[in-house]
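Scroll down for the structure; my scribbles are underneath it.
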Amino acid sequence: MAVLELTNISKHFGAIQAVNDVSLSIEPGQVVGLMGDNGAGKSTLVKMIAGNFRPSHGTMQMDGKELILHKPVEARQHGIEIVHQDLALCNNLTAAANVYLGRELRRGVGPFRILDYAAMYKRAGQIFAELKSETRPRDLVKQMSGGQRQAVAIARTMLSQAKIVLMDEPTAAISVRQVAEVLNLIRHLRDQGIAVVLISHRMPDVFDVADRVIVMRRGRKVADKTIASSSPEEVTGLITGAIEQVL
Amino acid sequence: MAVTLDQTIAQKQHTLLSRIFASQTFWVVIAVILACLFLSFATDAFATQKNLYNITRNITFVAIIALGMTFVIITGGIDLSVGSVLCLCSMVLAVTMHAGYSIEVGIAVSIATALIIGAFNGILIAYLGFPPFVVTLGMLSIARSLAMVASNNTVVFQFGPDHDKLLALGGGAWVFGIANPVLYMILLALITGFTLRWTKFGRHIFAIGGNEHAATLTGVPVRQIKVAVYMISALAAGIAGIIQTGWLGAVTTNLGTGMELQVIAATVIGGANLAGGVGTAFGAIVGAALIEVIRNSLGLLGINAFWQGVFIGGAILLAVLFDRIRNFRRND
């Protein structure tokens, strides 16, 4: 069964039709590359799944049940996690503090509860080990490489039982070696049965790690096919409009 | 031998000692200790019980407000209204007690005044997006003006039936001959330090100062916390005002004039960063101590009081210079 299913989703801002009648479904453990030029509607689509916007039309279903989101926090409660493009990290805090930001572990009774540093360091360390990332929970994020920063942002998504992780341009501004690290992190998520939606401009990354590619142009879905049955040339054509549509 | 991933992850990069040496607060403590040692040998008057009693008590008023200011500065904000809020809260206390109400009522009204002003500042900043500098600059003017209105710009020195209780509260020394204000300062510093390090609230304050946008995205209640920090800052000023009223035994409308700058200087000397994200309770106290020791020593060494500003200003620049030098080295 699909973990997430969108049916005839549209979103307009006044007269501007940002997303137009898009349907798609995502299976558990699947990596889906979401591609399209600037203004194609990728971000708007993702923001609807993340609870930032409500769709103007259409329905979203999660595990077969209707999904209505009013706030980003609700998306998280449903197991939808987002890795933001700027990673949303606080440089002055440690890796563990960033992983647990907004959902800190505490110990104690009633109103007298203090931060549980030991438990947070321990669990954050376990997650970094699972991700095979050389990231120390006690280090400040300020001192970290781009790949480690990605690992911290991705580790957040593994705190709770995430079902689907949305990643917005995770490989946009980092070095070649770090891109490889991030793609490995995505594979680790997939191996745990988590569905990943990878929003990216970088063709090689999508063809390297994704199972399926969805292309959007001017608010519409113009392609949705397996990576094996497509090619970078075809996707480029779909993005620019040289190829009208393949469904 | 190969280092495994788990070993790398478990490794601590900094030892406790290296962290201490890297902190600005540590070097300011050293400066305070050296200054005290020097003064003990250079003058007869410094290391007397009377002088030490005076110094420790003088530190407290700036230090208590600096503790509240630390919360604001960690979030990346600033509160310029604290000097005026101190004056207004003192005046509200004085006028209420002068009118014949008990000390309990006076303190309650005074604290309520502080919290209302803090909430007003905070709501304008957090919900309406006003710059903190502008809001609190406006409040600096408003609060002092209100203090003048409340007292009709007179000096209040009679505090009604509980007059003696108020003077004992601020001027007494109930435990081991330590001035009462010092005890309040220590208690408040412990509460501040605990809050910053061990509570979710404290953690979120640092997160807001580090990256406000990230804090919002991860579900930190940024607006409520910002209102809370300005309320804490005003509350600290109010508490300092109440204690200072008891100590001085009289309230004038120029009480606390220019104090906001001393308070900000103390927090910055103690290691807080005006850009946000960095600050400690201990640093606020140590910064206030350094300023007071400089002031006291100039008097004892017979240096003209007009030079005070030069030395305090120099201390601010020197403290921040150390921080810059460390950053240059790190960036190389």
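Quick note on naming: the chains in the structure tokens go A, B, ... in the order shown, residues restart at 1 in each chain, and ligands are numbered from 1 in order of appearance.
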Just need the residues of chain B within 6 Å of chain A, counting only C-alpha atoms, so spit them out as a PDB file with N, CA and C atoms, in the first residue's frame.
ATOM      1  N   ILE B   9      32.855   8.648  16.972  1.00  0.00           N
ATOM      2  CA  ILE B   9      31.638   9.313  17.428  1.00  0.00           C
ATOM      3  C   ILE B   9      31.681   9.563  18.925  1.00  0.00           C
ATOM      4  N   TRP B 198      19.856  23.780  32.125  1.00  0.00           N
ATOM      5  CA  TRP B 198      19.152  22.529  32.366  1.00  0.00           C
ATOM      6  C   TRP B 198      17.692  22.503  31.931  1.00  0.00           C
ATOM      7  N   THR B 199      17.151  23.606  31.450  1.00  0.00           N
ATOM      8  CA  THR B 199      15.742  23.558  31.067  1.00  0.00           C
ATOM      9  C   THR B 199      15.572  23.667  29.556  1.00  0.00           C
ATOM     10  N   ALA B 207      18.811  28.514  21.041  1.00  0.00           N
ATOM     11  CA  ALA B 207      18.470  28.173  19.657  1.00  0.00           C
ATOM     12  C   ALA B 207      17.979  29.403  18.901  1.00  0.00           C
ATOM     13  N   GLY B 210      20.866  31.493  18.028  1.00  0.00           N
ATOM     14  CA  GLY B 210      21.731  30.880  17.021  1.00  0.00           C
ATOM     15  C   GLY B 210      21.138  30.983  15.632  1.00  0.00           C
ATOM     16  N   ASN B 211      19.863  30.662  15.500  1.00  0.00           N
ATOM     17  CA  ASN B 211      19.205  30.686  14.198  1.00  0.00           C
ATOM     18  C   ASN B 211      17.697  30.695  14.434  1.00  0.00           C
ATOM     19  N   ALA B 214      15.564  28.607  12.068  1.00  0.00           N
ATOM     20  CA  ALA B 214      15.643  27.168  12.342  1.00  0.00           C
ATOM     21  C   ALA B 214      14.804  26.807  13.555  1.00  0.00           C
ATOM     22  N   THR B 218      11.694  24.087  13.569  1.00  0.00           N
ATOM     23  CA  THR B 218      11.725  22.857  14.351  1.00  0.00           C
ATOM     24  C   THR B 218      10.675  22.861  15.465  1.00  0.00           C
ATOM     25  N   GLY B 219       9.807  23.864  15.457  1.00  0.00           N
ATOM     26  CA  GLY B 219       8.679  23.819  16.383  1.00  0.00           C
ATOM     27  C   GLY B 219       8.935  24.477  17.721  1.00  0.00           C
ATOM     28  N   VAL B 220      10.000  25.273  17.845  1.00  0.00           N
ATOM     29  CA  VAL B 220      10.236  26.028  19.083  1.00  0.00           C
ATOM     30  C   VAL B 220       9.237  27.195  19.119  1.00  0.00           C
TER      31      VAL B 220
END
Nearby residues (only C-alpha atoms) at most 10 Å from Met167 of chain A, same-chain spacing under 4 positions excluded, as a list of chain:residue names: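 Close residues of Met167 of chain A: A:Gly33, A:Leu34, A:Val46, A:Glu81, A:Ile82, A:Val83, A:His84, A:Gln85, A:Leu87, A:Ala153, A:Ile154, A:Thr171, A:Ile186, A:Val196, A:Val197, A:Leu198, A:Ile199, A:Ser200.
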Spatial neighbours of segment 41-45 of chain B, 12 Å, only C-alpha atoms, chain gap at least 2 places, as a VMD selection string: chain B and resid 34 to 39 47 to 52 54 296 to 302
Writer output for current selection, N, CA and C atoms, as an mmCIF file, in the first residue's frame:
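Dumped everything to result-v9.cif:
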data_model
loop_
_atom_site.group_PDB
_atom_site.id
_atom_site.type_symbol
_atom_site.label_atom_id
_atom_site.label_comp_id
_atom_site.auth_asym_id
_atom_site.auth_seq_id
_atom_site.Cartn_x
_atom_site.Cartn_y
_atom_site.Cartn_z
ATOM 1 N N LEU B 34 43.586 39.367 39.632
ATOM 2 C CA LEU B 34 44.856 40.095 39.589
ATOM 3 C C LEU B 34 44.668 41.526 40.079
ATOM 4 N N ALA B 35 43.569 42.162 39.636
ATOM 5 C CA ALA B 35 43.306 43.537 40.060
ATOM 6 C C ALA B 35 43.144 43.598 41.581
ATOM 7 N N CYS B 36 42.424 42.632 42.139
ATOM 8 C CA CYS B 36 42.202 42.615 43.581
ATOM 9 C C CYS B 36 43.512 42.404 44.335
ATOM 10 N N LEU B 37 44.356 41.471 43.841
ATOM 11 C CA LEU B 37 45.643 41.225 44.485
ATOM 12 C C LEU B 37 46.498 42.477 44.447
ATOM 13 N N PHE B 38 46.553 43.093 43.267
ATOM 14 C CA PHE B 38 47.359 44.305 43.111
ATOM 15 C C PHE B 38 46.909 45.383 44.090
ATOM 16 N N LEU B 39 45.559 45.569 44.156
ATOM 17 C CA LEU B 39 45.033 46.633 45.018
ATOM 18 C C LEU B 39 45.278 46.334 46.494
ATOM 19 N N ALA B 47 41.643 46.024 50.935
ATOM 20 C CA ALA B 47 41.316 44.736 51.546
ATOM 21 C C ALA B 47 40.751 44.876 52.951
ATOM 22 N N THR B 48 40.017 45.925 53.192
ATOM 23 C CA THR B 48 39.357 46.059 54.487
ATOM 24 C C THR B 48 37.946 45.503 54.377
ATOM 25 N N GLN B 49 37.428 45.094 55.532
ATOM 26 C CA GLN B 49 36.103 44.479 55.509
ATOM 27 C C GLN B 49 35.059 45.454 54.983
ATOM 28 N N LYS B 50 35.216 46.714 55.382
ATOM 29 C CA LYS B 50 34.252 47.739 54.987
ATOM 30 C C LYS B 50 34.228 47.926 53.461
ATOM 31 N N ASN B 51 35.430 48.003 52.884
ATOM 32 C CA ASN B 51 35.513 48.237 51.448
ATOM 33 C C ASN B 51 34.989 47.032 50.656
ATOM 34 N N LEU B 52 35.353 45.822 51.098
ATOM 35 C CA LEU B 52 34.890 44.626 50.394
ATOM 36 C C LEU B 52 33.370 44.508 50.484
ATOM 37 N N ASN B 54 31.334 47.003 50.692
ATOM 38 C CA ASN B 54 30.793 47.983 49.753
ATOM 39 C C ASN B 54 30.877 47.500 48.306
ATOM 40 N N ASN B 296 36.154 51.179 41.851
ATOM 41 C CA ASN B 296 36.625 51.272 43.222
ATOM 42 C C ASN B 296 38.121 51.572 43.273
ATOM 43 N N SER B 297 38.883 50.898 42.404
ATOM 44 C CA SER B 297 40.332 51.035 42.467
ATOM 45 C C SER B 297 40.767 52.436 42.051
ATOM 46 N N LEU B 298 40.086 53.029 41.067
ATOM 47 C CA LEU B 298 40.463 54.374 40.644
ATOM 48 C C LEU B 298 40.331 55.342 41.811
ATOM 49 N N GLY B 299 39.248 55.159 42.576
ATOM 50 C CA GLY B 299 39.059 56.018 43.738
ATOM 51 C C GLY B 299 40.179 55.829 44.748
ATOM 52 N N LEU B 300 40.489 54.552 45.053
ATOM 53 C CA LEU B 300 41.499 54.260 46.068
ATOM 54 C C LEU B 300 42.896 54.690 45.632
ATOM 55 N N LEU B 301 43.171 54.591 44.346
ATOM 56 C CA LEU B 301 44.499 54.945 43.852
ATOM 57 C C LEU B 301 44.632 56.447 43.648
ATOM 58 N N GLY B 302 43.545 57.171 43.921
ATOM 59 C CA GLY B 302 43.597 58.621 43.833
ATOM 60 C C GLY B 302 43.592 59.147 42.412
#
As an mmCIF file with N, CA and C atoms, in the first residue's frame, please: the residues near Ala2 of chain A (cut-off 12 Å, only C-alpha atoms, same-chain neighbours under 4 positions excluded).
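Okay, out25.cif is ready:
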data_model
loop_
_atom_site.group_PDB
_atom_site.id
_atom_site.type_symbol
_atom_site.label_atom_id
_atom_site.label_comp_id
_atom_site.auth_asym_id
_atom_site.auth_seq_id
_atom_site.Cartn_x
_atom_site.Cartn_y
_atom_site.Cartn_z
ATOM 1 N N LEU A 6 -1.411 11.293 -3.219
ATOM 2 C CA LEU A 6 -2.055 12.567 -3.521
ATOM 3 C C LEU A 6 -3.008 12.352 -4.678
ATOM 4 N N LEU A 24 -0.181 11.549 -7.318
ATOM 5 C CA LEU A 24 0.988 10.665 -7.271
ATOM 6 C C LEU A 24 0.900 9.799 -6.027
ATOM 7 N N SER A 25 1.603 8.674 -6.061
ATOM 8 C CA SER A 25 1.650 7.845 -4.861
ATOM 9 C C SER A 25 3.077 7.377 -4.635
ATOM 10 N N ILE A 26 3.416 7.263 -3.349
ATOM 11 C CA ILE A 26 4.784 6.911 -2.967
ATOM 12 C C ILE A 26 4.746 5.683 -2.073
ATOM 13 N N GLU A 27 5.553 4.686 -2.437
ATOM 14 C CA GLU A 27 5.581 3.420 -1.698
ATOM 15 C C GLU A 27 6.637 3.486 -0.589
ATOM 16 N N PRO A 28 6.469 2.686 0.484
ATOM 17 C CA PRO A 28 7.495 2.654 1.535
ATOM 18 C C PRO A 28 8.840 2.212 0.959
ATOM 19 N N GLY A 29 9.915 2.795 1.443
ATOM 20 C CA GLY A 29 11.245 2.393 1.016
ATOM 21 C C GLY A 29 11.584 2.791 -0.407
ATOM 22 N N GLN A 30 10.815 3.724 -0.947
ATOM 23 C CA GLN A 30 11.076 4.153 -2.307
ATOM 24 C C GLN A 30 11.727 5.536 -2.281
ATOM 25 N N MET A 60 -5.202 14.320 0.192
ATOM 26 C CA MET A 60 -3.976 13.586 0.494
ATOM 27 C C MET A 60 -4.355 12.433 1.413
ATOM 28 N N GLN A 61 -3.738 11.298 1.174
ATOM 29 C CA GLN A 61 -3.981 10.146 2.043
ATOM 30 C C GLN A 61 -2.666 9.583 2.523
ATOM 31 N N MET A 62 -2.662 9.184 3.788
ATOM 32 C CA MET A 62 -1.473 8.540 4.332
ATOM 33 C C MET A 62 -1.887 7.175 4.849
ATOM 34 N N ASP A 63 -1.217 6.128 4.392
ATOM 35 C CA ASP A 63 -1.578 4.760 4.753
ATOM 36 C C ASP A 63 -3.079 4.523 4.585
ATOM 37 N N GLY A 64 -3.664 5.073 3.547
ATOM 38 C CA GLY A 64 -5.070 4.840 3.257
ATOM 39 C C GLY A 64 -6.038 5.716 4.016
ATOM 40 N N LYS A 65 -5.504 6.562 4.964
ATOM 41 C CA LYS A 65 -6.403 7.439 5.716
ATOM 42 C C LYS A 65 -6.217 8.878 5.267
ATOM 43 N N LYS A 163 7.862 8.021 8.365
ATOM 44 C CA LYS A 163 7.441 7.162 7.260
ATOM 45 C C LYS A 163 7.927 7.724 5.942
ATOM 46 N N ILE A 164 8.010 9.038 5.909
ATOM 47 C CA ILE A 164 8.422 9.671 4.664
ATOM 48 C C ILE A 164 9.272 10.890 4.980
ATOM 49 N N ILE A 194 11.984 3.676 4.880
ATOM 50 C CA ILE A 194 11.463 5.031 4.853
ATOM 51 C C ILE A 194 11.413 5.510 3.397
ATOM 52 N N ALA A 195 10.296 6.109 3.024
ATOM 53 C CA ALA A 195 10.188 6.681 1.686
ATOM 54 C C ALA A 195 10.882 8.043 1.671
#
